[in-house]
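The structure appears right after this line, and notes come after that.
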Amino acid sequence: MSILGTRVVRTEDPRLLTAGGTYVDDLRVPELAGAARVTFVRSPVAHARITGLDTSAALAAPGVLAVFTAQDMDDLPPPPPDGEGGPDGSEGGPVPLGGPWAEPLLAADRVRFVGEPVAIVLTSDSYQGEDAAELVSVDYAPLPAVVGFASALNPQALLFPGTDSNVPVSAGPAADGAAFGGCDVVIEHTIENQRLAPVPLEGRAAAAGWADGRLTVWLSTQNAQISRFILAGQLGLDPAAIRVITPDVGGGFGAKVGLDRDGITVAWAARRTGRAVRWAETRRENLIGMTHGRAQRQTLTLGGTRDGRLLAYRLEIIQDTGAYPRMSGFLPSLTSLMAVGPYRIPHVETAFRVVVTNTTPISAYRGAGRPEATAAIERAVDLFAAEIGMDPAEVRRRNLIPAGSFPYTTASGAVYDSGDYVRALDAVLAGAGYPALREEQARRRERGDVLQLGLGLASYVEITAGDAAAGETARLVVHGDGSATVYTGSSAHGQGHHTAWAMLVQAELGIPMARVAVIHGDTDVIPQGVGTYASRSLQLGGVAVHMAALDVKEQARRLAAHLLEASEADLELDAGSGIWQVRGDPATGQTWAEVARHAGPDGLAAAVEYTGGRPTFPFGTHLAVAEVDTETGQARLLRLVTVDDAGTVVNPVLAEGQRHGGIAQGVAQALLEEMVYDDDGNPLTSTLADYAIITAAELPSFELLASETPTDINPLGAKGIGEAGTIGATPATQNAVIDAVSHLGVRHIDMPATPARVWAAISAAKQAR
């Protein structure tokens, strides 16, 4: 029996739970002995000209080794021309815009968001750095702040001189009113998908040293190799002169793809001073300095017939990109691609505008454009269902793409590989006891209970490994003692790669997992790789490991045939014991150790760069059951029942862990989290006392139903699972809260559905009645 598909506990956990992880700020390696601490001087205002900058008092402070400003960074390559952008290392991936939109490492003439770096201070310890940073005197001449969508679209308040608007990127046709002409019912609504902070347990951190003309950087990142590529471009160095090492990483969620401006600045400081430096941000720095996510205003128009058939859909997006367009139009492009969701809607239109504002820049956050698409279509479907008086489950069932239609090309151009969307919906409805829940809801409404019950559905499909053409690498070595080592271009930061990759090796070669080591995140050891994001690891990195194991297996077959003086065709590998033998003759058995030793001192080895994949499209349905106190507006999630189908599952424990984390973050967006700015661009949620991350106390035990619909795109049949929970849980929970008070006349509540916002919606509906 193969180990694949069985519940194997994570091999990473004993070390993490006993000795603990070793993160960047924990490193005590000889190269970082005596490292200077880097402290950033950050702008306290959202938009201003810098009219003066004096570092003399800071330089005179105890323990200060150096102070640097933009004027000191005269050894950097020029920024890219307009419309080109810097490298991110992936094919067809997002690149920041250059030209007038270019973002400096340290602000020189103008600051554009609270938290933007203006200078760095190098000190003997971090406490001295905090004191000295306050002594750097910066004169700011305030400028009008651009905050919010309406302000950004006002051409009178420009963030970037030399431009004629705050819209660096736009795409999509004008609305086609004729497309809705044949519809009995058309609903239109504008909703907001609020700005979120990723809040990884470990914030951003970097350490760097310069010696013998070579830069070594220790970095909390999701991909060491891409980080090296970015550093080479930004610092004007040959990639061979840079080594990036990734130790344990305490969460990334997309915000640690590559490295951002602050990490580059730390590396520059090491090269400039010729000494080791290190930096780990505070939690407030993390909340205002690390990129944020989401931040879309969406106008939905959905039309169809009174018997529930959806005929036309238009989604218009305004994407707040923050102070600098780091992602260009990448995020709303993904939202547009996935706009139609799992539904068969004949006519689909999308258009978007990207706007700059005086707020923290926006980048990828778990799901990166796909949760926004699902949130839009799922709210639209519920609004449509309410308008025609049909149960939202039935509207979904009538419009989901049938199982026999795959591969299916959507009106927006996505090619869905495989799926059974109706089965996922029905499984969730049955698993939750949907009819009984509706009956309970009706009883509460009839009694006029204070605590009302709401049911929220979300059927979704998402794209994973969207950059599949970039591929992934793996190298597998079977050593003379019979153990094996996997060198992977994927970058683990909580997903369980070490467990999964060892399972793949054991399944193919019979080498026990305990004897399989997995190494990642060192560009000297693994110079080529892409990393971990976009739910790509198993279907690209895992397939590369699988293919490397097949290669090693064939090499071993030839060697074993020579050792046993037998035909290759007569040999077999007992995958249960890892023994090579002549078929039907166990007495001839040769172990992996014996075969690998025969290969020479370096053992058996195979290297694979897998580029044969294409994007895959996981799918599912979530049902949220919420309770709302109609007197206070307090919403509480009671149940969450989900199907998250990601193709063939290698290890249910790992898949369920990804679902748990994603669902928690999705519910958090629906109920609690939001980065808020005042009209002057001051962040009002810059500490964890103000930014309401979710805890176990706000979450029920999730009811996870199993479903596997393999894809034929890769030999493992696997799709991505890392972001599914975030995509489905958010609109399901939002829909549940709205459903709980819909009988009172509430049509929509923007996220997060806080008590104040729910209470206000109930009050407004009462006044309207």
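Going through the structure tokens in order, the chains are called A, B, and so on, while each chain numbers its residues from 1 and the ligands are numbered from 1 in the order shown.
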
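For Leu27 (chain A), the set of protein, DNA and RNA residues having any atom at most 9 Å away, when counting only C-alpha atoms and skipping those fewer than 4 positions along the same chain, is Thr22, Tyr23, Leu32, Ala207, Trp218 and Pro247 of chain A.
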
With C-alpha atoms retained, export the selected residues as a compact mmCIF listing (two decimals), in the first residue's frame.
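Dumped to out_21.txt:
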# COMPACT_ATOMS: atom_id res chain seq x y z
CA THR A 22 15.50 29.35 14.22
CA TYR A 23 14.36 32.56 12.58
CA LEU A 32 27.01 37.76 11.99
CA ALA A 207 20.71 40.11 8.08
CA TRP A 218 19.81 35.82 5.58
CA PRO A 247 16.17 29.87 7.82

**Q.** helix (DSSP H, G or I) call set, DSSP backbone run, region 481-652 of chain A, as an NGL selection string
**A.** :A and (497-509 or 513-515 or 537-564 or 568-570 or 592-599 or 652)

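Using only C-alpha atoms, the nearest neighbour of Thr591 (chain A) within the list A:Asp382, A:Asp481, A:Asp739, A:Glu656 is A:Asp481.
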
Q | DSSP-assigned strand (DSSP E or B) members of region 515-678 of chain A, reported as a ChimeraX atom specification | A | /A:516-519,522,571-574,579-582,585-591,604-610,616,619-629,635-645,647,677

Taking only C-alpha atoms into account, produce a table as a tab-separated table in which each residue of region 479-532 of chain A with an atom at most 12 Å from an atom of region 716-732 of chain A appears once, together with its shortest atom pair and the distance in Å to one decimal, ordered by chain and rising number.
residue	atom	partner	partner_atom	distance
A:His493	CA	A:Gly722	CA	11.7
A:Gly494	CA	A:Gly722	CA	10.5
A:Gln495	CA	A:Gly722	CA	8.0
A:Gly496	CA	A:Gly722	CA	11.1
A:Leu504	CA	A:Leu716	CA	9.8
A:Ala507	CA	A:Leu716	CA	11.8
A:Glu508	CA	A:Leu716	CA	12.0
A:Thr532	CA	A:Gly722	CA	10.1

Q | Shell around region 675-679 of chain A at 7 Å using only C-alpha atoms, local window under 4 positions removed, as a list in words | A | Val147, Arg195, Leu196, Ala197, Pro683, Leu684, Thr685 and Tyr691 of chain A

Residue subset to file, keeping C-alpha atoms, as a PDB file, in the first residue's frame:
ATOM      1  CA  VAL A 147      -6.914  58.657   0.942  1.00  0.00           C
ATOM      2  CA  ARG A 195      -7.656  46.577   3.126  1.00  0.00           C
ATOM      3  CA  LEU A 196      -6.010  43.898   5.278  1.00  0.00           C
ATOM      4  CA  ALA A 197      -2.662  43.465   7.009  1.00  0.00           C
ATOM      5  CA  PRO A 683      -3.153  54.662  10.184  1.00  0.00           C
ATOM      6  CA  LEU A 684      -5.678  54.132  12.968  1.00  0.00           C
ATOM      7  CA  THR A 685      -5.062  50.391  13.331  1.00  0.00           C
ATOM      8  CA  TYR A 691      -6.160  45.737  14.422  1.00  0.00           C
TER       9      TYR A 691
END

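If you look at CA of Pro512 (chain A) and CA of Gly250 (chain A), they are 28.0 Å away from each other.
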
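From CA of Arg515 (chain A) back to CA of Tyr487 (chain A), the distance works out to 14.2 Å.
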
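Of the listed residues A:Arg278, A:Arg271, A:Arg423, A:His622, the one whose atoms come nearest to Gln734 (chain A) is A:His622, with distances taken using only C-alpha atoms.
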
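Using only C-alpha atoms, the shortest contact distance between Ala430 (chain A) and any of A:Thr216, A:Val641, A:Thr709, A:Ile762 is found at A:Val641.
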
Q. Restricting the calculation to only C-alpha atoms, which member of A:Leu334, A:Leu638, A:Leu672, A:Leu425 is positioned closest to Gly369 (chain A)?
A. A:Leu334

Q) Do you know which residues are at most 7 Å from Pro239 (chain A) counting only C-alpha atoms, after dropping those on the same chain fewer than 3 positions away, and could you put them as an NGL selection string? A) :A and (228-229 or 232 or 242)

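Take CA of Gly482 (chain A) and CA of Trp592 (chain A): the distance between them is 5.0 Å.
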
**Q.** Distance query region 63-70 of chain A at most 12 Å, only C-alpha atoms, self and fewer than 4 positions along chain excluded, as JSON, numbers by chain
**A.** {"A": [35, 36, 37, 38, 39, 40, 41, 42, 50, 52, 53, 54, 55, 56, 57, 58, 59, 74, 75, 76, 103, 104, 105, 106, 107, 108, 109, 110, 117, 118, 119, 120, 121, 122, 123, 124, 125, 126, 127, 128, 129, 130, 131, 132, 133, 135, 136, 137, 138, 265, 266, 268, 269, 270, 272, 273, 275, 277]}

Q | Long-range neighbours of region 453-461 of chain A as an MDAnalysis selection string, 9 Å cut-off, only C-alpha atoms, 2 positions minimum in chain | A | chainID A and resid 338 341:343 370 374:375 378:379 382 392:393 396 400 416 421 424:425 434 437:438 440:442 444:445 451 463 617:628 724 727:742
